[in-house]
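Asker: Got coords-v6.txt for you, compact mmCIF, C-alpha atoms:
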```txt
# COMPACT_ATOMS: atom_id res chain seq x y z
CA MET A 1 22.08 -10.10 37.26
CA SER A 2 18.50 -8.88 36.75
CA ARG A 3 16.79 -9.03 33.41
CA SER A 4 16.72 -5.24 33.02
CA LEU A 5 20.43 -4.91 33.82
CA ALA A 6 21.26 -7.64 31.32
CA ARG A 7 19.33 -5.83 28.61
CA ARG A 8 20.99 -2.53 29.45
CA GLY A 9 24.39 -4.17 29.10
CA ALA A 10 23.43 -5.88 25.86
CA LEU A 11 22.30 -2.67 24.18
CA PRO A 12 25.75 -0.94 24.08
CA ALA A 13 27.35 -4.20 22.98
CA PHE A 14 24.84 -4.60 20.16
CA ALA A 15 25.29 -0.97 19.11
CA ALA A 16 29.06 -1.38 18.98
CA LEU A 17 28.70 -4.56 16.94
CA ALA A 18 26.31 -2.88 14.50
CA VAL A 19 28.69 0.05 13.98
CA ALA A 20 31.74 -2.16 13.44
CA LEU A 21 29.94 -4.77 11.31
CA PRO A 22 30.60 -3.30 7.82
CA PHE A 23 34.36 -3.44 8.29
CA GLY A 24 34.26 -7.20 8.80
CA LEU A 25 32.03 -8.11 5.86
CA SER A 26 32.73 -8.82 2.23
CA ALA A 27 31.13 -6.59 -0.41
CA SER A 28 28.29 -9.04 -1.09
CA ASN A 29 27.57 -9.61 2.60
CA LEU A 30 27.61 -5.86 3.24
CA THR A 31 25.02 -5.44 0.49
CA THR A 32 22.83 -8.02 2.22
CA ALA A 33 23.31 -6.31 5.60
CA THR A 34 22.31 -2.98 4.07
CA PHE A 35 19.11 -4.42 2.65
CA VAL A 36 18.36 -6.00 6.05
CA VAL A 37 18.75 -2.69 7.89
CA ILE A 38 16.61 -0.80 5.36
CA ALA A 39 13.92 -3.50 5.42
CA ALA A 40 13.91 -3.51 9.24
CA ILE A 41 12.66 0.10 9.15
CA GLY A 42 9.59 -1.01 7.21
CA ALA A 43 9.17 -4.08 9.41
CA THR A 44 9.17 -1.85 12.49
CA GLY A 45 6.28 0.07 10.97
CA LEU A 46 4.31 -3.08 10.17
CA ASN A 47 4.96 -4.28 13.71
CA VAL A 48 3.15 -1.22 15.06
CA LEU A 49 0.10 -2.04 12.94
CA VAL A 50 0.00 -5.83 13.39
CA GLY A 51 1.92 -6.37 16.64
CA TYR A 52 0.59 -3.40 18.59
CA ALA A 53 -2.86 -2.71 17.16
CA GLY A 54 -3.64 -6.24 15.98
CA GLN A 55 -4.71 -5.16 12.47
CA ILE A 56 -3.83 -7.64 9.72
CA SER A 57 -2.45 -5.99 6.59
CA LEU A 58 -1.13 -7.44 3.35
CA GLY A 59 -0.74 -4.03 1.74
CA HIS A 60 2.65 -3.01 3.12
CA ALA A 61 4.28 -3.12 -0.31
CA PHE A 62 1.89 -0.39 -1.48
CA PHE A 63 3.19 2.02 1.17
CA LEU A 64 6.80 1.17 0.31
CA ALA A 65 6.03 1.97 -3.32
CA ALA A 66 4.40 5.27 -2.33
CA GLY A 67 7.56 6.30 -0.50
CA ALA A 68 9.86 5.06 -3.25
CA TYR A 69 8.16 6.99 -6.04
CA THR A 70 7.76 10.09 -3.91
CA GLY A 71 11.53 10.08 -3.52
CA ALA A 72 11.96 9.52 -7.26
CA VAL A 73 9.73 12.42 -8.28
CA LEU A 74 11.18 14.86 -5.76
CA GLY A 75 14.82 13.79 -5.87
CA GLU A 76 15.30 12.68 -9.47
CA ASP A 77 12.80 14.84 -11.34
CA HIS A 78 12.98 18.03 -9.27
CA GLY A 79 16.46 17.85 -7.74
CA VAL A 80 15.27 18.08 -4.13
CA SER A 81 17.83 17.21 -1.46
CA ALA A 82 17.54 13.81 0.24
CA ALA A 83 17.20 15.67 3.53
CA LEU A 84 13.75 16.61 2.23
CA TRP A 85 12.65 13.74 -0.01
CA ILE A 86 13.34 11.03 2.58
CA PRO A 87 10.96 12.53 5.19
CA ALA A 88 8.57 13.54 2.40
CA ALA A 89 8.38 9.88 1.38
CA GLY A 90 7.22 9.06 4.89
CA VAL A 91 4.67 11.89 4.90
CA VAL A 92 3.11 10.91 1.56
CA ALA A 93 2.92 7.25 2.59
CA ALA A 94 1.37 8.33 5.91
CA ILE A 95 -1.34 10.23 4.02
CA PHE A 96 -2.18 7.05 2.11
CA GLY A 97 -2.20 5.21 5.44
CA ALA A 98 -4.70 7.73 6.81
CA LEU A 99 -6.92 7.09 3.77
CA VAL A 100 -6.71 3.30 4.10
CA GLY A 101 -6.98 3.25 7.91
CA PRO A 102 -10.73 3.96 8.14
CA MET A 103 -11.36 0.65 6.38
CA ALA A 104 -10.27 -1.00 9.61
CA LEU A 105 -13.25 0.60 11.36
CA ARG A 106 -15.69 -1.55 9.41
CA LEU A 107 -13.55 -4.58 8.62
CA LYS A 108 -11.35 -6.87 10.67
CA GLY A 109 -9.42 -10.10 10.40
CA LEU A 110 -9.53 -11.85 7.04
CA TYR A 111 -11.75 -9.19 5.46
CA LEU A 112 -9.29 -6.41 6.30
CA ALA A 113 -6.41 -8.54 4.99
CA ILE A 114 -8.21 -9.02 1.66
CA VAL A 115 -8.93 -5.30 1.31
CA THR A 116 -5.32 -4.33 2.04
CA LEU A 117 -4.23 -6.98 -0.43
CA GLY A 118 -6.38 -5.26 -3.01
CA ILE A 119 -4.56 -1.94 -2.67
CA VAL A 120 -1.31 -3.66 -3.70
CA PHE A 121 -2.86 -4.65 -7.03
CA ILE A 122 -4.50 -1.24 -7.43
CA GLY A 123 -1.16 0.46 -6.75
CA GLN A 124 0.63 -1.73 -9.28
CA HIS A 125 -2.00 -1.04 -11.94
CA VAL A 126 -1.74 2.72 -11.38
CA LEU A 127 2.05 2.70 -11.45
CA LEU A 128 2.28 0.51 -14.53
CA ASN A 129 0.08 3.00 -16.37
CA SER A 130 1.75 6.14 -15.01
CA ALA A 131 4.95 6.30 -17.01
CA GLY A 132 5.61 9.86 -15.91
CA ILE A 133 5.96 8.70 -12.31
CA SER A 134 7.14 5.10 -12.46
CA GLY A 135 8.57 4.78 -15.95
CA GLY A 136 5.85 2.24 -16.75
CA PRO A 137 6.61 -1.49 -16.98
CA GLN A 138 10.21 -0.72 -17.99
CA GLY A 139 10.90 0.95 -14.64
CA ARG A 140 12.92 4.04 -13.85
CA THR A 141 16.03 5.26 -12.09
CA PHE A 142 15.96 6.52 -8.52
CA PRO A 143 18.05 9.32 -7.03
CA PRO A 144 21.06 8.62 -4.80
CA VAL A 145 21.11 10.11 -1.34
CA VAL A 146 22.94 13.44 -1.37
CA ILE A 147 22.92 15.45 1.85
CA GLY A 148 25.37 18.32 1.84
CA PRO A 149 28.89 16.91 1.49
CA PHE A 150 27.66 13.32 1.82
CA ASP A 151 27.19 11.83 -1.64
CA PHE A 152 25.93 8.23 -1.86
CA SER A 153 26.19 8.01 -5.65
CA PRO A 154 27.74 4.87 -7.18
CA GLY A 155 31.52 4.92 -6.88
CA GLN A 156 31.56 7.48 -4.07
CA THR A 157 33.45 6.77 -0.83
CA LEU A 158 33.92 8.53 2.47
CA GLN A 159 37.30 8.75 4.21
CA LEU A 160 37.31 8.78 8.01
CA GLY A 161 40.92 8.82 9.07
CA GLY A 162 42.36 5.56 7.80
CA LEU A 163 38.92 4.03 7.18
CA THR A 164 37.17 3.98 3.82
CA ILE A 165 33.39 3.66 3.69
CA ASP A 166 31.98 2.76 0.28
CA ARG A 167 28.47 3.36 -1.06
CA SER A 168 26.99 0.26 0.60
CA GLY A 169 28.53 1.29 3.90
CA LEU A 170 27.08 4.79 3.60
CA TYR A 171 23.59 3.41 3.01
CA TYR A 172 24.10 0.94 5.83
CA TYR A 173 24.94 3.65 8.35
CA LEU A 174 22.15 5.94 7.16
CA GLY A 175 19.68 3.06 7.45
CA LEU A 176 21.09 2.14 10.85
CA VAL A 177 20.55 5.67 12.20
CA ILE A 178 16.97 5.78 10.90
CA LEU A 179 16.32 2.26 12.21
CA ALA A 180 17.60 3.21 15.66
CA ALA A 181 15.27 6.22 15.70
CA ALA A 182 12.32 4.12 14.47
CA THR A 183 12.98 1.41 17.08
CA ALA A 184 13.25 3.98 19.88
CA PHE A 185 10.00 5.57 18.70
CA ALA A 186 8.19 2.21 18.54
CA TRP A 187 9.51 1.25 21.99
CA SER A 188 8.38 4.57 23.46
CA LEU A 189 5.01 4.38 21.70
CA ARG A 190 3.98 1.42 23.87
CA ARG A 191 4.26 3.67 26.93
CA THR A 192 2.16 6.51 25.58
CA ARG A 193 -1.59 6.85 25.83
CA GLY A 194 -1.96 6.19 22.10
CA GLY A 195 0.24 3.11 22.29
CA ARG A 196 -1.67 1.68 25.24
CA ALA A 197 -4.88 2.29 23.29
CA MET A 198 -3.50 0.24 20.38
CA LEU A 199 -2.60 -2.60 22.72
CA ALA A 200 -6.06 -2.51 24.28
CA VAL A 201 -7.67 -2.70 20.82
CA ARG A 202 -5.45 -5.65 19.97
CA GLU A 203 -6.44 -7.59 23.08
CA ARG A 204 -10.20 -6.97 22.92
CA GLU A 205 -11.75 -4.23 20.85
CA ALA A 206 -15.16 -4.24 22.57
CA ALA A 207 -13.64 -4.06 26.04
CA ALA A 208 -11.32 -1.24 24.94
CA SER A 209 -14.29 0.73 23.65
CA LEU A 210 -16.16 0.26 26.93
CA MET A 211 -13.12 1.58 28.81
CA GLY A 212 -13.24 4.79 26.80
CA VAL A 213 -10.60 4.02 24.18
CA ASP A 214 -11.17 5.75 20.86
CA VAL A 215 -10.93 2.59 18.75
CA GLY A 216 -11.09 4.40 15.41
CA ARG A 217 -8.33 6.80 16.35
CA ALA A 218 -6.11 3.95 17.56
CA LYS A 219 -6.56 1.96 14.35
CA VAL A 220 -6.05 4.88 11.98
CA GLY A 221 -3.05 6.05 14.02
CA ALA A 222 -1.48 2.60 13.70
CA PHE A 223 -1.97 2.69 9.92
CA VAL A 224 -0.42 6.16 9.70
CA VAL A 225 2.68 5.23 11.73
CA SER A 226 3.09 1.95 9.87
CA ALA A 227 2.76 3.59 6.46
CA ALA A 228 5.14 6.44 7.33
CA LEU A 229 7.97 4.07 8.28
CA ALA A 230 7.22 1.93 5.24
CA GLY A 231 7.50 5.00 3.02
CA VAL A 232 10.92 5.89 4.38
CA SER A 233 12.04 2.28 3.99
CA GLY A 234 10.76 2.16 0.41
CA ALA A 235 12.53 5.40 -0.52
CA LEU A 236 15.86 4.14 0.83
CA TYR A 237 15.36 0.71 -0.76
CA ALA A 238 14.73 2.14 -4.23
CA SER A 239 17.54 4.67 -3.87
CA TYR A 240 19.99 1.93 -2.95
CA LEU A 241 18.87 -0.17 -5.91
CA SER A 242 19.15 2.89 -8.22
CA PHE A 243 16.62 1.28 -10.56
CA ALA A 244 13.31 -0.48 -9.91
CA GLN A 245 10.08 -1.52 -11.63
CA PRO A 246 6.54 -1.27 -10.25
CA THR A 247 6.21 -5.06 -10.29
CA GLN A 248 8.84 -5.31 -7.56
CA PHE A 249 6.39 -3.82 -5.05
CA ASN A 250 4.12 -6.84 -5.11
CA LEU A 251 2.39 -9.31 -2.81
CA ASP A 252 5.62 -11.25 -2.31
CA MET A 253 7.17 -8.16 -0.75
CA SER A 254 4.24 -7.81 1.65
CA ILE A 255 4.57 -11.48 2.61
CA GLN A 256 8.25 -10.96 3.32
CA PHE A 257 7.45 -8.22 5.83
CA ILE A 258 4.72 -10.32 7.44
CA ALA A 259 7.19 -13.18 7.77
CA ALA A 260 9.80 -10.84 9.28
CA ILE A 261 7.62 -9.70 12.18
CA ILE A 262 6.29 -13.22 12.82
CA VAL A 263 9.77 -14.75 12.88
CA GLY A 264 11.25 -11.92 14.95
CA GLY A 265 8.37 -11.52 17.37
CA MET A 266 5.22 -9.46 16.92
CA GLY A 267 4.70 -6.65 19.39
CA THR A 268 8.35 -6.53 20.50
CA ALA A 269 10.92 -3.82 19.88
CA ALA A 270 13.71 -6.14 18.74
CA GLY A 271 11.48 -8.48 16.73
CA PRO A 272 11.48 -6.55 13.42
CA LEU A 273 15.28 -6.40 13.31
CA LEU A 274 15.76 -10.05 14.20
CA GLY A 275 13.08 -11.16 11.77
CA SER A 276 14.48 -8.99 8.97
CA ALA A 277 17.94 -10.44 9.55
CA VAL A 278 16.50 -13.91 8.92
CA VAL A 279 13.97 -13.23 6.18
CA PHE A 280 15.77 -10.68 4.01
CA ALA A 281 19.14 -12.40 4.28
CA LEU A 282 17.61 -15.76 3.39
CA PRO A 283 17.99 -15.49 -0.44
CA SER A 284 21.71 -14.73 -0.09
CA VAL A 285 22.16 -17.64 2.31
CA LEU A 286 20.35 -20.03 -0.03
CA LYS A 287 22.46 -18.92 -2.99
CA SER A 288 25.61 -19.83 -1.07
CA LEU A 289 24.47 -23.41 -0.43
CA PRO A 290 26.26 -25.93 -2.65
CA PHE A 291 23.19 -28.05 -3.39
CA VAL A 292 21.07 -25.15 -4.68
CA PRO A 293 21.15 -25.02 -8.51
CA GLU A 294 21.92 -21.76 -10.26
CA GLU A 295 19.17 -19.82 -12.00
CA GLY A 296 18.35 -21.21 -15.44
CA THR A 297 19.95 -24.62 -14.88
CA GLY A 298 16.71 -26.42 -14.09
CA GLY A 299 15.38 -27.83 -10.84
CA ILE A 300 14.16 -25.79 -7.90
CA SER A 301 15.41 -22.23 -8.15
CA VAL A 302 16.54 -19.96 -5.35
CA GLY A 303 13.28 -18.04 -5.68
CA ASP A 304 11.25 -21.22 -5.22
CA LEU A 305 13.28 -22.26 -2.19
CA THR A 306 12.94 -18.79 -0.73
CA SER A 307 9.15 -18.83 -1.08
CA ILE A 308 8.96 -22.30 0.46
CA SER A 309 11.21 -21.19 3.31
CA TYR A 310 9.02 -18.15 4.04
CA GLY A 311 5.97 -20.37 4.29
CA LEU A 312 7.72 -22.87 6.55
CA LEU A 313 9.04 -20.13 8.82
CA ILE A 314 5.59 -18.58 9.21
CA VAL A 315 3.94 -21.92 9.99
CA VAL A 316 6.67 -23.13 12.38
CA PHE A 317 6.82 -19.95 14.43
CA LEU A 318 3.05 -19.44 14.58
CA VAL A 319 2.55 -23.02 15.79
CA LEU A 320 5.58 -23.54 18.02
CA GLU A 321 6.65 -20.07 19.15
CA PRO A 322 4.13 -17.29 18.40
CA ARG A 323 6.43 -14.74 20.04
CA GLY A 324 9.13 -15.44 17.48
CA LEU A 325 12.85 -15.31 18.11
CA VAL A 326 12.36 -12.89 21.00
CA GLY A 327 10.08 -15.38 22.72
CA LEU A 328 12.50 -18.21 21.96
CA ALA A 329 15.36 -16.24 23.50
CA ASP A 330 13.27 -15.52 26.61
CA ARG A 331 12.40 -19.19 26.92
CA LEU A 332 16.04 -20.27 26.64
CA ARG A 333 17.08 -17.61 29.14
CA SER A 334 14.40 -18.83 31.55
CA LEU A 335 15.61 -22.42 31.19
CA GLY A 336 19.18 -21.26 31.84
CA ARG A 337 18.16 -19.50 35.04
CA ARG A 338 16.32 -22.59 36.24
CA SER A 339 19.28 -24.88 35.60
CA ALA A 340 21.67 -22.44 37.28
CA ALA A 341 19.49 -21.90 40.34
CA PRO A 342 20.79 -23.66 43.50
CA ASP A 343 18.70 -26.39 45.03
CA PHE A 344 17.13 -25.03 48.22
CA THR A 345 15.16 -28.19 49.01
CA PRO A 346 15.16 -28.47 52.82
CA ALA A 347 16.45 -31.64 54.34
CA ILE A 348 13.15 -32.78 55.89
CA SER A 349 13.19 -36.06 57.76
CA LEU A 350 10.28 -38.39 57.11
CA ASN A 351 11.03 -40.42 60.19
CA THR A 352 8.66 -40.42 63.18
CA PRO A 353 9.82 -38.63 66.30
CA GLU A 354 10.59 -41.96 67.90
CA GLU A 355 12.73 -43.06 64.90
CA ALA A 356 14.47 -39.74 64.71
CA HIS A 357 15.34 -39.78 68.43
CA PRO A 358 15.82 -43.37 69.55
```
Can you turn what I pasted into structure tokens?

Answerer:
Amino acid sequence: MSRSLARRGALPAFAALAVALPFGLSASNLTTATFVVIAAIGATGLNVLVGYAGQISLGHAFFLAAGAYTGAVLGEDHGVSAALWIPAAGVVAAIFGALVGPMALRLKGLYLAIVTLGIVFIGQHVLLNSAGISGGPQGRTFPPVVIGPFDFSPGQTLQLGGLTIDRSGLYYYLGLVILAAATAFAWSLRRTRGGRAMLAVREREAAASLMGVDVGRAKVGAFVVSAALAGVSGALYASYLSFAQPTQFNLDMSIQFIAAIIVGGMGTAAGPLLGSAVVFALPSVLKSLPFVPEEGTGGISVGDLTSISYGLLIVVFLVLEPRGLVGLADRLRSLGRRSAAPDFTPAISLNTPEEAHP
């Protein structure tokens, strides 16, 4: 079976598994799965910026915060429907991305990373001192998703025949639909003129410019797309939490998203989902381990182990498999094809003509 046919067959199987997954999970595991799906939307956006355009950014948490508080102001303070405040969160974050993007025209590499890191601290300072928007250091509540008859408020359920979908399941399916659209968009983007321009800038900026690529447009466009998806992810994340503080949108959150695309595979369509499944489910996995002490009992906490694990994952994958889990899967598949291939070595005689025909 060819590689393309195998992938086409795997896609419906994966879709069916994703749809059926909530009905086989416990409440706590479903909560984790919901956070993974929501985070994968933001990771898909960061993958466009870092994996496609090659621009290093540590400011992803700022764009998630922009989307989250846009949803809070519109949905909670003004009673706007989620059908409007979810896309509005992406639009507002995209505007901030368009403002930050031109920095990439003058800076690159470590310098760009430091500048984008700075906007996280600027954003936190502004939010901590803007009680009318963020609630200040004490935090604020965020609106549940309500779209027509679909109410995602705490305690609400949806009956589909004999199936009952609770609040976590509703957020899971909403996130899954948006993630599917974001993944399809990111996959298609690579085949557009703008996407090919981003890839050319990533490979060699000077050569791309000589070939006629508008380098500035490609970089700013990558920031806009990345920020827009981050804004939607941040709005859903805060809505699912129902309550959040500005300090939650910090450098650690940006590092988590960086780790997700590195572990999953930068520049690949499936990488953000695979990486998010590892990185954002890691705290729940560590909590379930018997040798990990509970919070407040002394010793290394779950938070410490999580931070150490993020660092180890980044180092291991960058050194051993820069293409992440996607690259690892391709390598294993290649080894499997080699081992399964029949031996076509011809039976060549090394004897002389006289020895072969006495």

Asker: As a list in words, please: the residues near A:Ala277 (cut-off 9 Å, all atoms listed in the file, same-chain neighbours under 5 positions excluded).

Answerer: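 My reading of the contact set: Ala33, Val36, Val37, Ala40, Ala260, Gly264, Pro272 and Leu282 of chain A.
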
Asker: What does the distance from atom CA of A:Pro246 to atom CA of A:Gln138 come to in Å, to one decimal?

Answerer: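 Taking atom CA of A:Pro246 as the start and atom CA of A:Gln138 as the end point, the length is 8.6 Å.
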
Asker: When you look at A:Gly54 with a cut-off of 12 Å (counting all atoms listed in the file), what residues show up, excluding the ones that are within fewer than 6 positions of it in the same chain? I need them as an MDAnalysis selection string.

Answerer: chainID A and resid 46:48 104 108:109 112:113 195 197:205 215 218:219 222:223 266:267

Asker: Atom CA of A:Arg167 and atom CA of A:Ser153 are how many Å apart?

Answerer: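 Computed distance, atom CA of A:Arg167 to atom CA of A:Ser153, equals 6.9 Å.
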
Asker: Once 6 Å is added on each side, what centre and edge lengths in Å to one decimal does the axis-aligned box around all listed atoms of stretch 251-264 of chain A have, as JSON?

Answerer:
```
{"center_x": 6.8, "center_y": -11.3, "center_z": 6.1, "size_x": 20.9, "size_y": 18.9, "size_z": 29.8}
```

Asker: Counting all atoms listed in the file, find the residues whose atoms lie at most 12 Å from (4.3, -19.3, 17.2) (file coordinates) and write them out as a list in words.

Answerer: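 With a cut-off of 12 Å, the residues come to Ala259, Ile261, Ile262, Val263, Gly264, Gly265, Met266, Leu312, Leu313, Ile314, Val315, Val316, Phe317, Leu318, Val319, Leu320, Glu321, Pro322, Arg323, Gly324, Leu325, Val326, Gly327 and Leu328 of chain A.
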
Asker: Nearest residue to A:Gly90 out of A:Ala230, A:Pro12, A:Ser28, A:Val285, using all atoms listed in the file?

Answerer: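 Nearest candidate to A:Gly90 out of A:Ala230, A:Pro12, A:Ser28, A:Val285: A:Ala230.
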
Asker: Between atom CA of A:Gly59 and atom CA of A:Asp252, what distance in Å does the model show, to one decimal?

Answerer: 10.4 Å

Asker: With all atoms listed in the file as the atoms that count, which of A:Ala53, A:Ala207, A:Ala16, A:Val120 lies nearest to A:Asn250?

Answerer: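 Nearest to A:Asn250: A:Val120.
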
Asker: Which one is closest to A:Leu30: A:Leu170, A:Val177, A:Ile122, A:Val220? Count all atoms listed in the file.

Answerer: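 Closest to A:Leu30, using all atoms listed in the file: A:Leu170.
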
Asker: Point out the residue among A:Gly216, A:Gly175, A:Gly161, A:Gly118 with the least atom-to-atom distance to A:Ser233, counting all atoms listed in the file.

Answerer: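 Smallest separation from A:Ser233 among the options: A:Gly175.
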
Asker: Have a look at A:Leu176, A:Ala244, A:Met103, A:Ala61 and name the one nearest to A:Leu273; count only C-alpha atoms.

Answerer: A:Leu176

Asker: Mind listing as a ChimeraX atom specification all residues within 8 Å of (25.1, 5.5, -3.6), counting all atoms listed in the file?

Answerer: /A:144-145,151-156,167-168,170-171,239-240,242

Asker: Go ahead and save the picked residues with C-alpha atoms, as a compact mmCIF listing (two decimals), in the coordinates of the input.

Answerer:
```txt
# COMPACT_ATOMS: atom_id res chain seq x y z
CA PRO A 144 21.06 8.62 -4.80
CA VAL A 145 21.11 10.11 -1.34
CA ASP A 151 27.19 11.83 -1.64
CA PHE A 152 25.93 8.23 -1.86
CA SER A 153 26.19 8.01 -5.65
CA PRO A 154 27.74 4.87 -7.18
CA GLY A 155 31.52 4.92 -6.88
CA GLN A 156 31.56 7.48 -4.07
CA ARG A 167 28.47 3.36 -1.06
CA SER A 168 26.99 0.26 0.60
CA LEU A 170 27.08 4.79 3.60
CA TYR A 171 23.59 3.41 3.01
CA SER A 239 17.54 4.67 -3.87
CA TYR A 240 19.99 1.93 -2.95
CA SER A 242 19.15 2.89 -8.22
```

Asker: Using all atoms listed in the file, which of the listed residues (A:Gln248, A:Thr157, A:Thr44, A:Thr70) sits closest to A:Ala235?

Answerer: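 Nearest to A:Ala235: A:Thr70.
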
Asker: If we count all atoms listed in the file and set the cut-off at 8 Å, which residues sit around A:Gly97, ignoring sequence neighbours fewer than 2 positions away in its own chain? Please answer as a list in words.

Answerer: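 Contacts, in chain order: Phe63, Ala93, Ala94, Ile95, Leu99, Val100, Gly101, Val220, Phe223, Val224, Val225, Ser226, Ala227 and Ala228 of chain A.
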
Asker: Can you pull out the residues contacting A:Leu84? Cut-off 9 Å, using all atoms listed in the file, and skip same-chain residues under 6 positions away; I want them as number ranges by chain.

Answerer: A: 71, 74-75

Asker: How would the residues just chosen look if you wrote them out with C-alpha atoms as a compact mmCIF listing (two decimals), keeping the file's coordinate frame?

Answerer:
```txt
# COMPACT_ATOMS: atom_id res chain seq x y z
CA GLY A 71 11.53 10.08 -3.52
CA LEU A 74 11.18 14.86 -5.76
CA GLY A 75 14.82 13.79 -5.87
```

Asker: Please provide as number ranges by chain all residues within 9 Å of A:Leu128, with the sequence filter that same-chain residues fewer than 4 positions apart are discarded (counting only C-alpha atoms).

Answerer: A: 123-124, 134-139, 245-247
